[in-house]
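Below is one structure, written out as structure tokens, with a few remarks after it.
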Amino acid sequence: MIEPVDPKKTLRNCQLEDGDIICFQRIASAAPTQATPRFATVPDFLDYVKHKQEVRFCKLESPKEDGITLELSRLHKYPEVCERLAAELKVSLELIRLTNHNQYTGNPRPHPLRSDEAGNLSEMLMVGQNYTDVFYYEVLDLPLVQVEQLKIMKVRRCCCSWS
């Protein structure tokens, strides 16, 4: 629970007791040279602390190599996760595709996550009953939306001749 404290009242009148935490917030200056703060308010900062999650991203082509570790919010959706990773990789976010980690084999799962079916980060990291903090990524040649619309076809070669 976060409640603003009136600075004109005494601590007793504000009903503060032992163990209560007081947070002070600076008032942002109106100077245009100042960068906007990452967390504008105390509730924004505490929300960040509550939902932060470190996630490691490894290349799908070389899953055993060290990857990139990003601090994200468990509330981020698939596009926001891809946006943060794309900014780190300096590529377009539309070209990023994620695959879950299989904790039993230590390798990527056989099928990538579908962007239209993925929930928030917390749900994406939950695979069955297991929770992981690893994703595998690939940078595609086509935008992810187009790749997900492609159909897979098996073509068998026929040995017979047509007359």
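Ordering of the structure tokens sets the chain letters (A, B, ...); residue numbers start at 1 within each chain; ligands are numbered from 1 in the order shown.
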
Taking the DSSP assignment computed from this structure's backbone, write out as a PyMOL selection string all residues of chain A that belong to strand (DSSP E).
chain A and resi 52-59+68-73+96-102+107-108+126-127+130-131+134-139

What parts of region 2-70 of chain A does DSSP call helix (DSSP H, G or I)? I'd like the answer as a PyMOL selection string.
chain A and resi 42-51

What gap, in Å, lies between CA of Glu83 (chain A) and CA of Asp66 (chain A)?
20.3 Å

I'd like the neighbourhood of Leu85 (chain A) as a short mmCIF file (atom, residue, chain, number, x, y, z; two decimals) with C-alpha atoms, in the first residue's frame, where a residue qualifies if any of its atoms comes within 9 Å (using only C-alpha atoms), though same-chain residues fewer than 5 positions away should be ignored.
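This went into result.cif:
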data_model
loop_
_atom_site.label_atom_id
_atom_site.label_comp_id
_atom_site.auth_asym_id
_atom_site.auth_seq_id
_atom_site.Cartn_x
_atom_site.Cartn_y
_atom_site.Cartn_z
CA PHE A 57 18.68 -14.64 -24.62
CA ILE A 68 22.51 -11.39 -23.71
CA LEU A 70 18.16 -8.21 -20.09
CA GLU A 80 7.75 -5.49 -25.79
CA LYS A 90 20.28 -3.24 -33.28
CA VAL A 91 17.82 -4.98 -35.63
CA LEU A 93 11.83 -5.91 -33.84
CA ILE A 96 12.93 -11.35 -33.99
CA TYR A 137 16.22 -15.96 -30.52
#

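Proximity to Asn107 (chain A) at 9 Å, evaluated using only C-alpha atoms and with sequence-adjacent residues fewer than 6 positions away removed, yields Pro63, Lys64, Asn100 and His101 of chain A.
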
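The smallest atom-to-atom distance between Thr69 (chain A) and any of A:Val147, A:Ile27, A:Leu98, A:Phe135, using only C-alpha atoms, is found for A:Phe135.
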
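CA of Arg74 (chain A) is found 4.9 Å from CA of Ser122 (chain A).
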
Spatial neighbours of Pro7 (chain A), 12 Å, only C-alpha atoms, chain gap at least 6 places, as number ranges by chain:
A: 13-14, 22, 24

Identify, on the basis of only C-alpha atoms, every residue whose closest approach to His51 (chain A) does not exceed 10 Å; exclude the query and any residue fewer than 4 positions from it along the same chain; express the result as a VMD selection string.
chain A and resid 46 to 47 72 to 76 122

Could those selected residues go to a file with C-alpha atoms, as a PDB file, in the first residue's frame?
ATOM      1  CA  LEU A  46       7.933  -0.163  -6.724  1.00  0.00           C
ATOM      2  CA  ASP A  47       5.948  -1.744  -9.564  1.00  0.00           C
ATOM      3  CA  LEU A  72      12.475  -7.003 -18.147  1.00  0.00           C
ATOM      4  CA  SER A  73       9.083  -6.786 -16.498  1.00  0.00           C
ATOM      5  CA  ARG A  74       7.074  -9.977 -16.035  1.00  0.00           C
ATOM      6  CA  LEU A  75       4.121  -7.981 -17.370  1.00  0.00           C
ATOM      7  CA  HIS A  76       5.762  -7.306 -20.764  1.00  0.00           C
ATOM      8  CA  SER A 122       5.739 -14.586 -16.903  1.00  0.00           C
TER       9      SER A 122
END

Give me, as a JSON list (two decimals) with C-alpha atoms, in the first residue's frame, all polymer residues having an atom no more than 10 Å from Ser115 (chain A), counting only C-alpha atoms and skipping those fewer than 5 positions away in the same chain.
[["chain", "number", "residue", "atom", "x", "y", "z"],
["A", 77, "LYS", "CA", 4.01, -8.84, -23.76],
["A", 78, "TYR", "CA", 5.77, -10.59, -26.67],
["A", 79, "PRO", "CA", 6.23, -7.37, -28.74],
["A", 82, "CYS", "CA", 11.18, -8.42, -28.77],
["A", 97, "ARG", "CA", 11.46, -14.79, -33.21],
["A", 98, "LEU", "CA", 11.69, -16.41, -29.77],
["A", 144, "LEU", "CA", 7.67, -12.53, -38.15],
["A", 145, "VAL", "CA", 4.05, -11.89, -39.13],
["A", 148, "GLU", "CA", 3.93, -17.22, -39.10]]

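Relative to CA of Leu60 (chain A), CA of Glu138 (chain A) is found at 5.7 Å.
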
With the cut-off set at 12 Å and counting only C-alpha atoms, tabulate each residue of region 50-95 of chain A with an atom at most that distance from an atom of region 129-132 of chain A, showing the nearest atom pair and its distance in Å to one decimal, ordered by chain and increasing number, as a Markdown table.
| residue | atom | partner | partner_atom | distance |
| --- | --- | --- | --- | --- |
| A:Gln53 | CA | A:Thr132 | CA | 10.9 |
| A:Glu54 | CA | A:Thr132 | CA | 10.5 |
| A:Val55 | CA | A:Thr132 | CA | 8.7 |
| A:Arg56 | CA | A:Thr132 | CA | 9.7 |
| A:Phe57 | CA | A:Thr132 | CA | 11.5 |

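In terms of minimum interatomic distance to Ile21 (chain A), A:Met1 ranks closest within A:Ala87, A:Met1, A:Leu95, A:Ala118, counting only C-alpha atoms.
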